[in-house]
Each structure stands twice: as structure tokens, then as C-alpha cells.
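J.: Can you keep this structure in mind? I'll have questions shortly.
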Amino acid sequence: MRMIWGLWRWRRNPLRRRTDLVEAWAALVAASLILLVAPAVGWMSGSLAHGALMKAAREQRAERHPLSATVLKVLPHPPIDSDPETASARDAQRRVLARWTGPDGSRHEGPLAARPDADPGERFRIWTDDHGRPVGRPLDAATATTHAVLAGIGAAAGTVIVVDGARRLVVWRLMRRRYVQWDIAWARAGQDWGRADADS
């Protein structure tokens with residue numbers, strides 16, 4: 001609103017310089033782009049990201065299978081780490097030696113991450129590929145949607161930053177031009193400065 005008022009204010013002002021009008025128009029164009037283009041870019045980016053993530057989630061659900069593994073024995077904890085982030089991740093899981101049968105009927109045995117209270121003989125769920133190799137849990141629809149929304153917000157914010165940066169560059173160039181014009185005007189006025197007959 002301030003930009004529109006600035007443009008209206010300079011419409012017939014006798015003190016208006018050409019750079020003032022350009023600055024007001026630059027602000028109006030930037031505001032229009034921020035209000036119209038940034039949301040459109042955000043929506044398009046979010047939609048494209050959502051489509052790609054949902055496709056990846058469908059592919060992962062088709063390629064990954066939930067199975068039950070049996071704990072054979074609990075493995076010892078690795079040496080204590082002083083890093084609190086690593087320590088909290090380590091305490092949230094327990095390394096166990098487990099046995100499981102893959103979707104193709106193959107038998108597997110190896111170390112896996114289980115719940116902290118897992119005991120020998122206990123069964124827990126894991127995800128494997130078609131050959132029974134352990135893989136991560138497939139991407140779910142809620143996580144895909146969240147990532148898509150964040151991608152859209154990021155794209156819209158990036159558009160706002162680019163548009164505002166371009167506006168600031170235009171204003172900076174206009175200010176430099178004004179300073180050059182002022183220096184020239186002062187240099188001209190300086191020749192007659194202080195003389196009583198300067199206006200005669």
C-alpha cells in the first residue's frame with residue numbers, strides 16, 4: 001500500500017525526479033510479483049515435489065516388505081561416546097543379532113537395530129527388499145506431503161528474496177545516480193556560492 005501511495009504522491013509533484021518515479025514503479029512491480037508470482041511458484045514447486053515424492057513412496061512400498069525377525073542375542077553397546085546426539089540415538093535403539101526369512105524364502109542372519117528393551121527370542125518388525133536384505137522403512141504419504149509443503153514454502157520464499165533483491169539493486173543504482181547528479185549540481189552551484197550577484 002505504501003508503494004502505491006508513493007507512486008501516487010510522485011504523480012504531479014513539482015519536486016519529482018525521474019529516479020523517484022522509477023523507484024516507485026520498481027516498488028510497485030516488486031510488490032505485485034511478491035503477491036502474485038511467489039505464491040504461484042510455491043504452489044507449482046510444492047505440487048511437483050508432492051507428485052515426485054508420492055511416486056517414490058509408491059515405488060518403495062512395492063519394493064519393500066515388512067517381515068518379522070527373531071532376536072538371537074543382544075550385542076554389546078559400542079564404546080561410550082561423549083557426543084550427546086550420538087548417545088541419544090544409541091540409547092533409542094539396541095543392536096541385536098537376529099534371524100529372518102526374506103520374501104523369496106531365503107534365510108538371513110545378521111546384526112539389526114531393535115527396541116531398547118528387546119530380549120532374546122523376541123520378534124520385531126523389519127523392512128527388507130525382495131531378496132531379504134534389510135532396508136529403511138518406506139516413505140509414507142504424510143511425510144511426503146510435509147516435505148512437499150516445505151518445498152513449496154521454500155520456493156515461494158526464494159522467489160520473494162530474488163524479487164526483493166532485484167528491487168534493492170534497482171534502488172541502489174538509482175541512489176548512486178542521484179548522488180552523482182547532486183555532486184554535479186553542487187559543483188555548478190559552488191562556482192557562484194556566496195556571491196551577492198549570483199542570481200542577477
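Residues are named by chain letter and number: chains run A, B, ... in the order of the C-alpha cells, numbers start at 1 in each chain, and ligands are numbered from 1 in the order shown.
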Please extract the residues of region 16-147 of chain A with a backbone DSSP assignment of helix (DSSP H, G or I) and present them as a CSV table (one decimal) with C-alpha atoms, in the first residue's frame.
T.:
chain,number,residue,atom,x,y,z
A,18,ARG,CA,12.8,10.8,-12.9
A,19,THR,CA,14.6,8.4,-10.4
A,20,ASP,CA,11.8,8.9,-7.9
A,21,LEU,CA,9.2,7.7,-10.3
A,22,VAL,CA,11.4,4.7,-11.4
A,23,GLU,CA,11.9,3.8,-7.7
A,24,ALA,CA,8.1,4.0,-7.0
A,25,TRP,CA,7.4,1.8,-10.1
A,26,ALA,CA,10.1,-0.7,-9.1
A,27,ALA,CA,8.5,-1.0,-5.7
A,28,LEU,CA,5.0,-1.5,-7.2
A,29,VAL,CA,6.2,-4.1,-9.6
A,30,ALA,CA,8.1,-5.9,-6.8
A,31,ALA,CA,5.0,-5.9,-4.6
A,32,SER,CA,2.9,-7.3,-7.4
A,33,LEU,CA,5.4,-10.1,-8.2
A,34,ILE,CA,5.6,-11.0,-4.5
A,35,LEU,CA,1.8,-11.1,-4.1
A,36,LEU,CA,1.1,-12.9,-7.4
A,37,VAL,CA,4.2,-14.8,-8.6
A,38,ALA,CA,5.7,-16.0,-5.4
A,39,PRO,CA,2.5,-18.0,-4.3
A,40,ALA,CA,2.2,-19.4,-7.8
A,41,VAL,CA,5.9,-20.6,-7.8
A,42,GLY,CA,5.4,-22.1,-4.3
A,43,TRP,CA,2.3,-23.9,-5.3
A,44,MET,CA,3.8,-25.3,-8.5
A,45,SER,CA,7.0,-26.4,-6.7
A,46,GLY,CA,5.0,-28.0,-3.9
A,47,SER,CA,2.8,-29.8,-6.4
A,48,LEU,CA,5.7,-31.1,-8.5
A,49,ALA,CA,7.6,-32.2,-5.3
A,50,HIS,CA,4.4,-33.9,-4.0
A,51,GLY,CA,3.9,-35.8,-7.2
A,52,ALA,CA,7.6,-37.0,-7.2
A,53,LEU,CA,7.6,-37.9,-3.5
A,54,MET,CA,4.3,-39.8,-3.8
A,55,LYS,CA,5.7,-41.7,-6.8
A,56,ALA,CA,8.8,-42.6,-4.8
A,57,ALA,CA,6.6,-43.7,-1.8
A,58,ARG,CA,4.6,-46.0,-4.1
A,59,GLU,CA,7.7,-47.5,-5.6
A,60,GLN,CA,9.2,-48.0,-2.1
A,61,ARG,CA,6.0,-49.7,-0.8
A,62,ALA,CA,6.1,-52.0,-3.9
A,63,GLU,CA,9.8,-52.9,-3.4
A,84,PRO,CA,25.1,-36.2,23.3
A,85,GLU,CA,23.4,-36.5,19.9
A,86,THR,CA,25.1,-39.8,19.1
A,87,ALA,CA,24.5,-41.0,22.6
A,88,SER,CA,20.7,-40.3,22.5
A,89,ALA,CA,20.4,-42.1,19.1
A,90,ARG,CA,22.3,-45.0,20.5
A,91,ASP,CA,20.1,-45.2,23.6
A,141,ALA,CA,2.1,-40.2,2.5
A,142,ALA,CA,2.1,-37.8,5.5
A,143,THR,CA,5.9,-37.4,5.3
A,144,ALA,CA,5.8,-36.9,1.5
A,145,THR,CA,3.1,-34.2,1.9
A,146,THR,CA,5.1,-32.5,4.7
A,147,HIS,CA,8.2,-32.4,2.5
J.: Determine the nearest neighbour of Ala98 (chain A) from the options A:Asp164, A:Asp129, A:Asp119, A:Asp183, counting only C-alpha atoms.
T.: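 Selected residue with least distance to Ala98 (chain A): A:Asp119.
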J.: According to DSSP computed on the backbone, where in region 12-179 of chain A is there strand (DSSP E or B)? Give the residues as a PDB file with N, CA, C and O atoms, in the first residue's frame.
T.:
ATOM      1  N   HIS A  65       9.296 -54.835   1.963  1.00  0.00           N
ATOM      2  CA  HIS A  65       8.333 -55.747   2.586  1.00  0.00           C
ATOM      3  C   HIS A  65       8.541 -55.782   4.095  1.00  0.00           C
ATOM      4  O   HIS A  65       9.672 -55.911   4.561  1.00  0.00           O
ATOM      5  N   PRO A  66       7.430 -55.718   4.864  1.00  0.00           N
ATOM      6  CA  PRO A  66       7.557 -55.852   6.319  1.00  0.00           C
ATOM      7  C   PRO A  66       7.645 -57.333   6.691  1.00  0.00           C
ATOM      8  O   PRO A  66       6.857 -58.160   6.237  1.00  0.00           O
ATOM      9  N   LEU A  67       8.632 -57.662   7.510  1.00  0.00           N
ATOM     10  CA  LEU A  67       8.834 -59.043   7.962  1.00  0.00           C
ATOM     11  C   LEU A  67       9.066 -59.060   9.457  1.00  0.00           C
ATOM     12  O   LEU A  67       9.348 -58.039  10.071  1.00  0.00           O
ATOM     13  N   SER A  68       8.994 -60.240  10.017  1.00  0.00           N
ATOM     14  CA  SER A  68       9.315 -60.411  11.437  1.00  0.00           C
ATOM     15  C   SER A  68      10.688 -61.040  11.557  1.00  0.00           C
ATOM     16  O   SER A  68      11.004 -62.008  10.856  1.00  0.00           O
ATOM     17  N   ALA A  69      11.508 -60.494  12.438  1.00  0.00           N
ATOM     18  CA  ALA A  69      12.823 -61.051  12.730  1.00  0.00           C
ATOM     19  C   ALA A  69      12.841 -61.499  14.182  1.00  0.00           C
ATOM     20  O   ALA A  69      12.139 -60.937  15.027  1.00  0.00           O
ATOM     21  N   THR A  70      13.617 -62.517  14.471  1.00  0.00           N
ATOM     22  CA  THR A  70      13.711 -63.050  15.828  1.00  0.00           C
ATOM     23  C   THR A  70      15.076 -62.700  16.412  1.00  0.00           C
ATOM     24  O   THR A  70      16.111 -62.912  15.776  1.00  0.00           O
ATOM     25  N   VAL A  71      15.076 -62.162  17.632  1.00  0.00           N
ATOM     26  CA  VAL A  71      16.321 -61.807  18.306  1.00  0.00           C
ATOM     27  C   VAL A  71      17.017 -63.091  18.758  1.00  0.00           C
ATOM     28  O   VAL A  71      16.436 -63.900  19.475  1.00  0.00           O
ATOM     29  N   LEU A  72      18.253 -63.284  18.321  1.00  0.00           N
ATOM     30  CA  LEU A  72      19.054 -64.418  18.775  1.00  0.00           C
ATOM     31  C   LEU A  72      19.849 -64.046  20.023  1.00  0.00           C
ATOM     32  O   LEU A  72      19.889 -64.810  20.987  1.00  0.00           O
ATOM     33  N   LYS A  73      20.490 -62.888  19.992  1.00  0.00           N
ATOM     34  CA  LYS A  73      21.199 -62.405  21.181  1.00  0.00           C
ATOM     35  C   LYS A  73      21.380 -60.897  21.077  1.00  0.00           C
ATOM     36  O   LYS A  73      21.376 -60.334  19.978  1.00  0.00           O
ATOM     37  N   VAL A  74      21.542 -60.285  22.228  1.00  0.00           N
ATOM     38  CA  VAL A  74      21.759 -58.842  22.301  1.00  0.00           C
ATOM     39  C   VAL A  74      23.254 -58.583  22.158  1.00  0.00           C
ATOM     40  O   VAL A  74      24.070 -59.217  22.824  1.00  0.00           O
ATOM     41  N   ARG A  94      18.711 -50.709  20.157  1.00  0.00           N
ATOM     42  CA  ARG A  94      19.612 -51.719  20.690  1.00  0.00           C
ATOM     43  C   ARG A  94      20.062 -52.603  19.543  1.00  0.00           C
ATOM     44  O   ARG A  94      19.248 -53.001  18.714  1.00  0.00           O
ATOM     45  N   ARG A  95      21.351 -52.886  19.464  1.00  0.00           N
ATOM     46  CA  ARG A  95      21.878 -53.753  18.411  1.00  0.00           C
ATOM     47  C   ARG A  95      21.712 -55.196  18.849  1.00  0.00           C
ATOM     48  O   ARG A  95      22.084 -55.581  19.960  1.00  0.00           O
ATOM     49  N   VAL A  96      21.112 -55.985  17.954  1.00  0.00           N
ATOM     50  CA  VAL A  96      20.887 -57.403  18.248  1.00  0.00           C
ATOM     51  C   VAL A  96      21.321 -58.235  17.046  1.00  0.00           C
ATOM     52  O   VAL A  96      21.372 -57.747  15.925  1.00  0.00           O
ATOM     53  N   LEU A  97      21.628 -59.494  17.332  1.00  0.00           N
ATOM     54  CA  LEU A  97      21.838 -60.474  16.263  1.00  0.00           C
ATOM     55  C   LEU A  97      20.484 -61.134  16.045  1.00  0.00           C
ATOM     56  O   LEU A  97      19.873 -61.648  16.988  1.00  0.00           O
ATOM     57  N   ALA A  98      19.984 -61.069  14.808  1.00  0.00           N
ATOM     58  CA  ALA A  98      18.629 -61.564  14.538  1.00  0.00           C
ATOM     59  C   ALA A  98      18.633 -62.492  13.334  1.00  0.00           C
ATOM     60  O   ALA A  98      19.563 -62.505  12.533  1.00  0.00           O
ATOM     61  N   ARG A  99      17.535 -63.261  13.241  1.00  0.00           N
ATOM     62  CA  ARG A  99      17.331 -64.166  12.112  1.00  0.00           C
ATOM     63  C   ARG A  99      15.973 -63.855  11.507  1.00  0.00           C
ATOM     64  O   ARG A  99      15.000 -63.590  12.213  1.00  0.00           O
ATOM     65  N   TRP A 100      15.897 -63.890  10.162  1.00  0.00           N
ATOM     66  CA  TRP A 100      14.639 -63.641   9.472  1.00  0.00           C
ATOM     67  C   TRP A 100      14.635 -64.366   8.134  1.00  0.00           C
ATOM     68  O   TRP A 100      15.677 -64.766   7.630  1.00  0.00           O
ATOM     69  N   THR A 101      13.440 -64.534   7.597  1.00  0.00           N
ATOM     70  CA  THR A 101      13.261 -65.172   6.291  1.00  0.00           C
ATOM     71  C   THR A 101      12.773 -64.124   5.310  1.00  0.00           C
ATOM     72  O   THR A 101      11.787 -63.424   5.574  1.00  0.00           O
ATOM     73  N   ARG A 107      16.920 -67.521   3.909  1.00  0.00           N
ATOM     74  CA  ARG A 107      17.134 -67.305   5.348  1.00  0.00           C
ATOM     75  C   ARG A 107      18.314 -66.349   5.545  1.00  0.00           C
ATOM     76  O   ARG A 107      19.316 -66.452   4.856  1.00  0.00           O
ATOM     77  N   HIS A 108      18.149 -65.454   6.505  1.00  0.00           N
ATOM     78  CA  HIS A 108      19.178 -64.444   6.768  1.00  0.00           C
ATOM     79  C   HIS A 108      19.442 -64.351   8.260  1.00  0.00           C
ATOM     80  O   HIS A 108      18.564 -64.617   9.086  1.00  0.00           O
ATOM     81  N   GLU A 109      20.666 -63.929   8.582  1.00  0.00           N
ATOM     82  CA  GLU A 109      21.054 -63.718   9.973  1.00  0.00           C
ATOM     83  C   GLU A 109      22.073 -62.581   9.993  1.00  0.00           C
ATOM     84  O   GLU A 109      22.977 -62.536   9.157  1.00  0.00           O
ATOM     85  N   GLY A 110      21.916 -61.663  10.924  1.00  0.00           N
ATOM     86  CA  GLY A 110      22.857 -60.555  10.998  1.00  0.00           C
ATOM     87  C   GLY A 110      22.466 -59.550  12.056  1.00  0.00           C
ATOM     88  O   GLY A 110      21.402 -59.656  12.678  1.00  0.00           O
ATOM     89  N   PRO A 111      23.327 -58.536  12.259  1.00  0.00           N
ATOM     90  CA  PRO A 111      23.023 -57.505  13.265  1.00  0.00           C
ATOM     91  C   PRO A 111      21.969 -56.524  12.750  1.00  0.00           C
ATOM     92  O   PRO A 111      22.006 -56.107  11.596  1.00  0.00           O
ATOM     93  N   LEU A 112      21.035 -56.197  13.615  1.00  0.00           N
ATOM     94  CA  LEU A 112      19.967 -55.247  13.291  1.00  0.00           C
ATOM     95  C   LEU A 112      19.735 -54.329  14.478  1.00  0.00           C
ATOM     96  O   LEU A 112      20.138 -54.637  15.603  1.00  0.00           O
ATOM     97  N   ALA A 113      19.067 -53.218  14.233  1.00  0.00           N
ATOM     98  CA  ALA A 113      18.666 -52.309  15.306  1.00  0.00           C
ATOM     99  C   ALA A 113      17.273 -52.699  15.762  1.00  0.00           C
ATOM    100  O   ALA A 113      16.368 -52.893  14.953  1.00  0.00           O
ATOM    101  N   ALA A 114      17.111 -52.839  17.074  1.00  0.00           N
ATOM    102  CA  ALA A 114      15.811 -53.210  17.645  1.00  0.00           C
ATOM    103  C   ALA A 114      15.459 -52.226  18.761  1.00  0.00           C
ATOM    104  O   ALA A 114      16.210 -51.290  19.045  1.00  0.00           O
ATOM    105  N   ARG A 123      10.320 -61.261  18.904  1.00  0.00           N
ATOM    106  CA  ARG A 123      10.163 -60.970  17.483  1.00  0.00           C
ATOM    107  C   ARG A 123       9.885 -59.478  17.310  1.00  0.00           C
ATOM    108  O   ARG A 123       9.200 -58.874  18.130  1.00  0.00           O
ATOM    109  N   PHE A 124      10.430 -58.906  16.252  1.00  0.00           N
ATOM    110  CA  PHE A 124      10.195 -57.492  15.961  1.00  0.00           C
ATOM    111  C   PHE A 124      10.126 -57.306  14.449  1.00  0.00           C
ATOM    112  O   PHE A 124      10.572 -58.172  13.687  1.00  0.00           O
ATOM    113  N   ARG A 125       9.550 -56.195  14.031  1.00  0.00           N
ATOM    114  CA  ARG A 125       9.310 -55.969  12.604  1.00  0.00           C
ATOM    115  C   ARG A 125      10.501 -55.272  11.953  1.00  0.00           C
ATOM    116  O   ARG A 125      11.071 -54.346  12.524  1.00  0.00           O
ATOM    117  N   ILE A 126      10.830 -55.719  10.756  1.00  0.00           N
ATOM    118  CA  ILE A 126      11.874 -55.085   9.944  1.00  0.00           C
ATOM    119  C   ILE A 126      11.338 -54.923   8.523  1.00  0.00           C
ATOM    120  O   ILE A 126      10.323 -55.525   8.161  1.00  0.00           O
ATOM    121  N   TRP A 127      12.039 -54.137   7.726  1.00  0.00           N
ATOM    122  CA  TRP A 127      11.712 -53.954   6.312  1.00  0.00           C
ATOM    123  C   TRP A 127      12.868 -54.505   5.482  1.00  0.00           C
ATOM    124  O   TRP A 127      14.034 -54.248   5.794  1.00  0.00           O
ATOM    125  N   THR A 128      12.520 -55.265   4.445  1.00  0.00           N
ATOM    126  CA  THR A 128      13.557 -55.822   3.570  1.00  0.00           C
ATOM    127  C   THR A 128      13.184 -55.600   2.106  1.00  0.00           C
ATOM    128  O   THR A 128      12.028 -55.305   1.788  1.00  0.00           O
ATOM    129  N   PRO A 134      18.023 -56.060   4.591  1.00  0.00           N
ATOM    130  CA  PRO A 134      17.359 -55.001   5.370  1.00  0.00           C
ATOM    131  C   PRO A 134      17.449 -53.642   4.667  1.00  0.00           C
ATOM    132  O   PRO A 134      18.487 -53.272   4.132  1.00  0.00           O
TER     133      PRO A 134
END
J.: For Leu139 (chain A), which residue out of A:Arg188, A:Arg64, A:Arg173, A:Arg168 is the nearest one, using only C-alpha atoms?
T.: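 With only C-alpha atoms as the atom set, the closest residue is A:Arg64.
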